[in-house]
Structure formats: structure tokens, C-alpha cells
$ cat target39.cif   # mmCIF, C-alpha atoms
data_model
#
loop_
_atom_site.label_atom_id
_atom_site.label_comp_id
_atom_site.auth_asym_id
_atom_site.auth_seq_id
_atom_site.Cartn_x
_atom_site.Cartn_y
_atom_site.Cartn_z
CA MET A 231 9.34 19.02 -26.01
CA LYS A 232 6.21 17.44 -27.48
CA GLY A 233 3.57 14.99 -26.37
CA ARG A 234 0.82 15.11 -23.81
CA PHE A 235 2.94 16.69 -21.07
CA ALA A 236 3.69 19.69 -23.29
CA THR A 237 0.15 20.14 -24.60
CA ASP A 238 -2.13 19.09 -21.73
CA PHE A 239 -0.27 19.44 -18.44
CA GLU A 240 -0.52 23.21 -18.14
CA ASP A 241 -4.16 23.14 -19.25
CA MET A 242 -4.90 20.58 -16.56
CA ALA A 243 -3.02 22.72 -14.06
CA ARG A 244 -5.41 25.59 -14.83
CA GLY A 245 -8.41 23.31 -14.38
CA GLU A 246 -8.10 21.50 -11.03
CA LYS A 247 -10.94 19.11 -11.89
CA PHE A 248 -9.18 17.72 -14.97
CA PHE A 249 -5.89 17.50 -13.12
CA VAL A 250 -7.41 15.42 -10.32
CA GLU A 251 -9.18 13.16 -12.84
CA ASN A 252 -5.87 12.29 -14.50
CA PHE A 253 -3.49 12.21 -11.55
CA HIS A 254 -5.85 11.43 -8.62
CA MET A 255 -4.24 14.19 -6.58
CA SER A 256 -4.47 17.96 -6.46
CA LYS A 257 -2.02 20.24 -8.22
CA LYS A 258 -0.77 21.39 -4.81
CA ASN A 259 -0.05 17.84 -3.67
CA PHE A 260 1.62 17.05 -6.98
CA GLU A 261 3.97 20.01 -6.64
CA HIS A 262 4.71 19.08 -3.03
CA LEU A 263 5.50 15.50 -4.03
CA PHE A 264 7.70 16.77 -6.85
CA SER A 265 9.66 18.97 -4.44
CA LEU A 266 10.36 15.88 -2.28
CA ILE A 267 11.68 13.66 -5.07
CA GLU A 268 13.07 16.15 -7.59
CA LYS A 269 16.65 15.66 -6.42
CA ASP A 270 16.39 11.92 -7.17
CA LEU A 271 15.07 12.45 -10.69
CA VAL A 272 17.41 15.05 -12.15
CA PRO A 273 19.16 13.93 -15.38
CA LYS A 274 22.74 12.78 -15.29
CA ARG A 275 25.41 15.41 -15.82
CA ASN A 276 26.58 13.90 -19.09
CA THR A 277 23.08 14.10 -20.61
CA ARG A 278 22.56 16.89 -23.09
CA PRO A 279 19.69 19.18 -21.99
CA LYS A 280 17.97 18.98 -25.36
CA ASP A 281 17.81 15.17 -25.07
CA ALA A 282 16.93 14.99 -21.39
CA ILE A 283 13.53 13.91 -20.08
CA THR A 284 12.62 16.42 -17.39
CA ALA A 285 12.03 15.30 -13.84
CA LYS A 286 8.47 16.67 -13.75
CA LEU A 287 7.59 14.81 -16.95
CA LYS A 288 8.84 11.58 -15.38
CA LEU A 289 6.73 12.11 -12.28
CA ALA A 290 3.61 13.07 -14.28
CA LEU A 291 4.02 10.02 -16.52
CA VAL A 292 4.37 7.56 -13.63
CA ILE A 293 1.63 9.12 -11.47
CA GLU A 294 -0.82 8.91 -14.37
CA TYR A 295 0.23 5.30 -14.99
CA LEU A 296 -0.37 4.39 -11.33
CA ALA A 297 -3.68 6.27 -11.25
CA SER A 298 -5.09 4.89 -14.52
CA GLY A 299 -3.51 1.46 -14.86
CA ASP A 300 -3.14 1.93 -18.63
CA LEU A 301 -0.56 -0.05 -20.55
CA GLN A 302 2.92 1.38 -20.17
CA ARG A 303 3.51 1.48 -23.91
CA HIS A 304 0.27 3.43 -24.43
CA LEU A 305 1.19 6.15 -21.93
CA ALA A 306 4.75 6.23 -23.28
CA SER A 307 3.43 7.04 -26.75
CA CYS A 308 1.11 9.73 -25.32
CA TYR A 309 4.02 11.41 -23.56
CA ARG A 310 6.38 10.91 -26.51
CA VAL A 311 8.71 8.72 -24.46
CA SER A 312 10.25 5.58 -25.94
CA LYS A 313 9.11 2.20 -24.64
CA GLN A 314 12.72 1.44 -23.72
CA HIS A 315 12.84 4.48 -21.42
CA MET A 316 9.41 3.87 -19.90
CA GLY A 317 10.46 0.92 -17.75
CA ALA A 318 13.53 2.73 -16.42
CA ILE A 319 11.42 5.80 -15.62
CA VAL A 320 8.87 3.72 -13.69
CA ASP A 321 11.67 2.12 -11.68
CA SER A 322 13.42 5.40 -10.87
CA VAL A 323 10.26 7.31 -9.93
CA CYS A 324 8.87 4.49 -7.76
CA ASN A 325 12.22 4.19 -5.99
CA ALA A 326 12.27 7.96 -5.43
CA ILE A 327 8.70 7.94 -4.06
CA CYS A 328 9.49 5.12 -1.63
CA HIS A 329 12.70 6.83 -0.51
CA ALA A 330 11.00 10.19 0.03
CA LEU A 331 7.76 8.97 1.63
CA CYS A 332 9.08 6.07 3.71
CA PRO A 333 9.42 8.32 6.80
CA THR A 334 5.62 8.86 6.64
CA MET A 335 5.24 5.33 8.01
CA LYS A 336 5.61 5.72 11.74
CA GLU A 337 8.03 3.55 13.67
CA LEU A 338 6.47 0.57 15.44
CA ASN A 339 7.09 1.53 19.06
CA ALA A 340 5.07 1.71 22.27
CA GLU A 341 4.04 5.34 21.83
CA ASN A 342 2.74 4.86 18.29
CA PHE A 343 1.03 1.61 19.29
CA LEU A 344 -0.84 3.53 22.00
CA ASN A 345 -1.90 6.22 19.51
CA VAL A 346 -3.26 3.57 17.15
CA ALA A 347 -5.07 1.82 20.02
CA ASN A 348 -6.70 5.09 21.05
CA GLY A 349 -7.90 5.54 17.47
CA PHE A 350 -9.53 2.09 17.37
CA ASN A 351 -11.13 2.65 20.77
CA LYS A 352 -12.59 6.04 19.91
CA ARG A 353 -13.62 5.29 16.34
CA TRP A 354 -14.65 1.63 16.47
CA ASN A 355 -15.12 0.98 20.20
CA PHE A 356 -12.54 -1.83 20.20
CA PRO A 357 -9.90 -1.21 22.90
CA ASN A 358 -6.28 -2.45 22.94
CA CYS A 359 -6.26 -2.95 19.15
CA ILE A 360 -3.01 -1.71 17.56
CA GLY A 361 -3.76 -2.55 13.93
CA ALA A 362 -5.65 -4.70 11.45
CA ILE A 363 -3.71 -7.24 9.35
CA ASP A 364 -4.56 -8.79 6.00
CA GLY A 365 -3.06 -9.73 2.65
CA LYS A 366 -4.04 -8.73 -0.90
CA HIS A 367 -3.19 -10.47 -4.18
CA VAL A 368 -2.07 -8.14 -6.99
CA ALA A 369 -2.24 -9.75 -10.44
CA ILE A 370 0.94 -9.85 -12.54
CA LYS A 371 1.89 -11.30 -15.89
CA ALA A 372 3.12 -14.88 -15.51
CA PRO A 373 6.93 -14.67 -15.21
CA ALA A 374 8.98 -16.80 -17.58
CA ASN A 375 10.01 -20.23 -16.24
CA ALA A 376 8.29 -19.53 -12.90
CA GLY A 377 6.05 -22.58 -12.97
CA SER A 378 3.28 -22.35 -10.40
CA VAL A 379 5.19 -20.31 -7.83
CA PHE A 380 3.14 -17.16 -8.47
CA TYR A 381 -0.14 -18.98 -9.23
CA ASN A 382 -2.64 -18.45 -6.41
CA TYR A 383 -5.78 -20.27 -5.30
CA LYS A 384 -7.92 -17.63 -7.05
CA GLY A 385 -6.68 -18.77 -10.44
CA PHE A 386 -4.18 -16.11 -11.54
CA HIS A 387 -0.52 -15.19 -11.03
CA SER A 388 0.08 -12.65 -8.33
CA LEU A 389 2.30 -11.02 -5.74
CA VAL A 390 0.95 -10.62 -2.22
CA LEU A 391 0.78 -7.34 -0.33
CA LEU A 392 0.74 -7.98 3.43
CA ALA A 393 -0.25 -4.84 5.29
CA VAL A 394 -1.26 -3.43 8.67
CA CYS A 395 -3.38 -0.30 9.01
CA ASP A 396 -4.73 1.92 11.76
CA ALA A 397 -8.29 3.08 12.44
CA THR A 398 -8.07 5.81 9.77
CA TYR A 399 -7.06 3.37 6.98
CA ARG A 400 -3.44 4.53 7.03
CA PHE A 401 -0.84 1.81 6.47
CA THR A 402 1.56 1.36 9.36
CA TYR A 403 3.44 -1.61 7.86
CA VAL A 404 3.66 -3.20 4.41
CA ASP A 405 5.44 -6.31 3.18
CA VAL A 406 5.55 -6.56 -0.63
CA GLY A 407 6.63 -9.36 -2.91
CA ALA A 408 5.56 -12.71 -1.45
CA TYR A 409 4.63 -15.42 -3.96
CA GLY A 410 0.97 -15.74 -4.82
CA SER A 411 1.04 -19.48 -4.12
CA GLU A 412 1.80 -18.83 -0.43
CA GLY A 413 -1.00 -18.44 2.07
CA ASP A 414 -1.39 -15.41 4.32
CA CYS A 415 -0.33 -17.45 7.34
CA ASN A 416 2.95 -18.62 5.74
CA ILE A 417 3.71 -15.14 4.43
CA PHE A 418 3.11 -13.71 7.89
CA ARG A 419 5.26 -16.34 9.64
CA ASN A 420 8.15 -15.90 7.18
CA SER A 421 8.20 -12.09 7.35
CA GLN A 422 10.34 -10.21 9.84
CA PHE A 423 7.22 -8.48 11.11
CA GLY A 424 5.46 -11.81 11.71
CA ARG A 425 8.40 -13.28 13.58
CA ASN A 426 8.59 -10.20 15.79
CA VAL A 427 4.87 -10.42 16.58
CA LEU A 428 4.83 -14.17 17.25
CA ASN A 429 7.94 -13.98 19.45
CA ASP A 430 6.74 -10.82 21.23
CA ARG A 431 9.83 -8.84 20.21
CA PHE A 432 8.16 -5.51 19.47
CA PRO A 433 8.17 -2.85 22.22
CA PHE A 434 4.49 -3.38 22.95
CA PRO A 435 2.89 -1.17 25.63
CA ALA A 436 2.28 -2.65 29.05
CA ASN A 437 -1.01 -4.47 29.53
CA ALA A 438 -4.02 -2.21 30.05
CA MET A 439 -6.78 -2.75 32.58
CA LEU A 440 -10.19 -3.33 31.01
CA ASN A 441 -13.16 -3.96 33.33
CA GLY A 442 -10.72 -4.99 36.03
CA VAL A 443 -8.85 -7.45 33.79
CA SER A 444 -5.27 -6.97 32.57
CA LEU A 445 -5.28 -7.40 28.77
CA PRO A 446 -2.40 -7.16 26.28
CA PHE A 447 -2.39 -5.03 23.14
CA PHE A 448 -3.01 -6.99 19.95
CA PHE A 449 -3.62 -6.95 16.19
CA VAL A 450 -6.89 -8.17 14.66
CA ALA A 451 -6.92 -10.61 11.74
CA ASP A 452 -9.11 -13.18 9.99
CA ASP A 453 -9.04 -16.99 10.17
CA ALA A 454 -6.01 -17.22 7.86
CA PHE A 455 -3.68 -15.93 10.57
CA PRO A 456 -2.46 -17.79 13.67
CA LEU A 457 -4.06 -17.16 17.04
CA CYS A 458 -1.57 -15.96 19.65
CA LYS A 459 -1.16 -13.45 22.43
CA ARG A 460 -0.73 -10.55 19.99
CA ILE A 461 -3.26 -11.63 17.32
CA MET A 462 -6.99 -11.92 17.89
CA LYS A 463 -9.27 -13.63 15.35
CA PRO A 464 -13.00 -14.42 15.30
CA PHE A 465 -14.70 -17.48 16.71
CA ASN A 466 -15.73 -19.94 14.02
CA ASN A 467 -18.19 -22.12 15.91
CA LYS A 468 -21.61 -22.75 14.39
CA ASN A 469 -23.69 -22.39 17.51
CA MET A 470 -22.05 -19.53 19.36
CA PRO A 471 -23.33 -17.97 22.57
CA THR A 472 -24.39 -14.34 22.52
CA GLU A 473 -21.08 -13.13 23.97
CA GLU A 474 -19.09 -14.71 21.13
CA VAL A 475 -21.47 -13.32 18.51
CA ILE A 476 -21.02 -9.82 19.93
CA TYR A 477 -17.25 -10.30 20.05
CA ASN A 478 -17.17 -11.43 16.40
CA TYR A 479 -19.20 -8.40 15.36
CA ARG A 480 -16.95 -5.98 17.23
CA LEU A 481 -13.80 -7.63 15.93
CA SER A 482 -15.01 -7.66 12.31
CA ARG A 483 -15.91 -3.98 12.61
CA ALA A 484 -12.31 -3.23 13.59
CA ARG A 485 -10.82 -5.66 11.06
CA ARG A 486 -12.69 -4.18 8.12
CA CYS A 487 -10.37 -1.17 8.38
CA ILE A 488 -7.73 -3.09 6.43
CA GLU A 489 -10.33 -4.18 3.85
CA ASN A 490 -11.40 -0.56 3.44
CA ALA A 491 -7.78 0.52 3.18
CA PHE A 492 -7.19 -1.95 0.34
CA GLY A 493 -10.36 -0.72 -1.36
CA LEU A 494 -9.26 2.91 -1.15
CA LEU A 495 -5.78 1.97 -2.33
CA CYS A 496 -7.03 0.20 -5.45
CA THR A 497 -9.62 2.85 -6.24
CA LYS A 498 -7.11 5.67 -6.13
CA TRP A 499 -4.24 3.77 -7.78
CA ALA A 500 -6.13 1.69 -10.33
CA CYS A 501 -3.03 -0.10 -11.63
CA LEU A 502 -3.38 -2.47 -8.65
CA LYS A 503 -6.87 -3.50 -9.81
CA LYS A 504 -5.51 -4.62 -13.17
CA THR A 505 -2.79 -7.02 -14.22
CA LEU A 506 0.71 -5.55 -14.01
CA TYR A 507 2.42 -6.42 -17.29
CA CYS A 508 5.94 -6.29 -15.93
CA GLY A 509 8.40 -8.47 -14.05
CA PRO A 510 8.04 -9.23 -10.33
CA ASP A 511 10.85 -6.83 -9.37
CA ARG A 512 9.18 -3.84 -11.02
CA ALA A 513 5.77 -4.94 -9.76
CA GLN A 514 7.10 -4.84 -6.18
CA LYS A 515 8.32 -1.27 -6.68
CA ILE A 516 4.95 -0.23 -8.10
CA MET A 517 3.04 -1.81 -5.21
CA ALA A 518 5.30 -0.21 -2.60
CA ALA A 519 5.05 3.21 -4.27
CA CYS A 520 1.24 2.99 -4.34
CA CYS A 521 1.17 2.23 -0.61
CA MET A 522 3.39 5.23 0.11
CA LEU A 523 1.20 7.45 -2.06
CA HIS A 524 -1.87 6.13 -0.24
CA ASN A 525 -0.45 7.44 3.05
CA PHE A 526 0.71 10.66 1.38
#
$ encode --input "target39.cif" --output "C-alpha cells"
Amino acid sequence: MKGRFATDFEDMARGEKFFVENFHMSKKNFEHLFSLIEKDLVPKRNTRPKDAITAKLKLALVIEYLASGDLQRHLASCYRVSKQHMGAIVDSVCNAICHALCPTMKELNAENFLNVANGFNKRWNFPNCIGAIDGKHVAIKAPANAGSVFYNYKGFHSLVLLAVCDATYRFTYVDVGAYGSEGDCNIFRNSQFGRNVLNDRFPFPANAMLNGVSLPFFFVADDAFPLCKRIMKPFNNKNMPTEEVIYNYRLSRARRCIENAFGLLCTKWACLKKTLYCGPDRAQKIMAACCMLHNF
């Protein structure tokens, strides 16, 4: 076995600083992640051992790709892996990460909603809030014969990541793969999550009393989302009274959690800050895997 994995990986393992710089996670977390997905990455039985790409090499290659955002063909040459195998490895590792880490996203039920609301109340002094919603455009290479379907208002082709997070910037729901040309409101309305929120189908907790008034639990969002019983958005009047100004400030303080979550996500997994030079299907897997790793 040759390439960077054979020459540098063990050296980086001895020096934690260099390991974290390359993989954006500690050696301990890397080994724990590997133990969770190893069974999904073992070579096929009919593959000769001397020709097999080891499971740990696959994970190291993909984690460094997600952390650095370098071109796939560049990292493939560094790890002595063919460009033809690189795409299949990215697909298999991202699928394994999503399969292994999906349980880390808590189920959307009344108990978990209450835990999230307590977090927003204690940390940001905004009661009854059960999550902050927003969408993020991730740039991709223009797909062949796609026309303007993926072309967004910002001037590039993209897929949209619609996400909800709690007060500690942990994602509680993600929807990956909407066209860049769609607005956040349309993406939200067309998603299963959006339909459940708008039709009040989730097992929301019973209304809580606040200053003698019975108030429902709700998500916070910006102007792009619809106003309803379960979604609160800021006032947009020019001459607002003091009460509305204070409300806007408190709401924006809670809503910035999702903005901070996106910032942390893209800083740690830098591939999302750059253009993904792959098809939409693989880009969706990469985006989903990065969200799972963010929670991990």
C-alpha cells in the first residue's frame, strides 16, 4: 500500500495537531466513527486482499475531502486511488455515515420539542421556541441539460439545504436536494416537514402559559417563510412601536442559531463553501453526510 495514507496517516496519528488540521476531528473521534461504519465499508468477498482498498483508507480519504474541499481527483492521486474509484468511494462512505449517524437526530416528538424549548428559553431567553428554520444554497457544477432549474437568484447553480436546529446549533431536521431556483417558502411547503408543520400534524406539546396567556410552541424563521400558528417571523414595518422592536430583537437572537449552525457546518466541512464538482445525486449525499458529521 502506497500513497499518503501509508506515509502520513500514522505520523498524523502520533501528532494530534496535524491530524485535526487534516481531518477536522480528533484521532479518538475518527476511530469511533470508523467503528460505527466499518461493517458497511468492508471489501466484497470476491475481491483479492492485495487489490482491496481498506475501509480505513476509504474513510480517511472522504473525511479529508469533506474537511478540505479539494478536488476529488487531487486527493485521489495523493492517496494513490484511481479517479474511477474515487466517486464510488465517496458515495459508499457518505451513505455509511448517514446510515450510522442518522439515529443521532432525535425524533420530532413532544418530549424532544420540550427539551429544545427549554434550551432556547435558558440560553436565549425566548420561550416556546422549538427550533430555528432556514435554507442554505450549496454551489454545484451545472448539470448537463438542466437548463435553469438549479440556477438561483444569487447567480450560481446550487442545491438547497433546508434545516432546523436547536439552541446549541445541533441540527434536528435536514431536507437536502431541492432545486436552487426554488425559494425557501416553496421548498418548505413542498417538503414533508413543511406540510406537517403547516397542517399541525406533529405531536406538538400542549400550549404553555406565559404571563397568564396560553401560547403554542413554534419555530422561528425569517421573512421568506409563511406566517402561521407554528412559525413566528419578524415584523417588517418601518415605524414600529417599541414592543415590536423588542420582539424583533429577541426573535432574531433566537433565529441566528440556524445561521451560526450553517457557519459552523461550512467552516468544519469546507467542501460546502466551495463548488461541488459532481452530479446532484452525489452532492446530496455529501451534504447529508456533512450534516450528520456536524452533529457527531
$ residues_around --input "target39.cif" --residues "range 442-459 of chain A" --least-positions-apart "2" --cutoff "9 Å" --atoms "only C-alpha atoms" --output "VMD selection string"
chain A and resid 343 to 344 347 357 to 364 394 413 to 416 418 to 419 427 to 428 430 434 to 440 461 to 466 481 to 482 484 to 485
$ atom_distance --input "target39.cif" --atom1 "CA of Pro433 in chain A" --atom2 "CA of Glu337 in chain A"
10.7 Å
$ closest_residue --input "target39.cif" --among "A:Tyr507, A:Phe423, A:Phe253, A:Phe260" --to "Ala369 in chain A" --atoms "only C-alpha atoms"
A:Tyr507
$ closest_residue --input "target39.cif" --among "A:Cys332, A:Ala397, A:Val320, A:Ala340" --to "Asn355 in chain A" --atoms "all atoms listed in the file"
A:Ala397
$ residues_near_point --input "target39.cif" --point "(-8.4, 3.4, -6.8)" --cutoff "12 Å" --atoms "all atoms listed in the file" --output "list of chain:residue names"
A:Glu251, A:Phe253, A:His254, A:Met255, A:Leu296, A:Ala297, A:Ser298, A:Gly299, A:Asn490, A:Ala491, A:Phe492, A:Gly493, A:Leu494, A:Leu495, A:Cys496, A:Thr497, A:Lys498, A:Trp499, A:Ala500, A:Cys501, A:Leu502, A:Lys503, A:Lys504, A:Cys520, A:Cys521, A:Leu523, A:His524
$ closest_residue --input "target39.cif" --among "A:Leu305, A:Ile283, A:Ala290, A:Leu391" --to "Ile516 in chain A" --atoms "all atoms listed in the file"
A:Leu391
$ atom_distance --input "target39.cif" --atom1 "CA of Cys308 in chain A" --atom2 "CA of Lys288 in chain A"
12.7 Å
$ residues_around --input "target39.cif" --residues "Ala519 in chain A" --least-positions-apart "3" --cutoff "7 Å" --atoms "all atoms listed in the file" --output "list in words"
Cys324, Ile327, Cys328, Lys515, Ile516, Met522 and Leu523 of chain A
$ closest_residue --input "target39.cif" --among "A:Asp321, A:Glu412, A:Glu341, A:Glu268" --to "His367 in chain A" --atoms "all atoms listed in the file"
A:Glu412
$ atom_distance --input "target39.cif" --atom1 "CA of Ala318 in chain A" --atom2 "CA of Gly365 in chain A"
28.2 Å
$ resolve_selection --input "target39.cif" --expression "the PyMOL selection byres ((chain A and resi 403-409) around 7)" --output "count of residues only"
17
$ closest_residue --input "target39.cif" --among "A:Ala285, A:Ile370, A:Ile488, A:Ile476" --to "Ile267 in chain A" --atoms "only C-alpha atoms"
A:Ala285
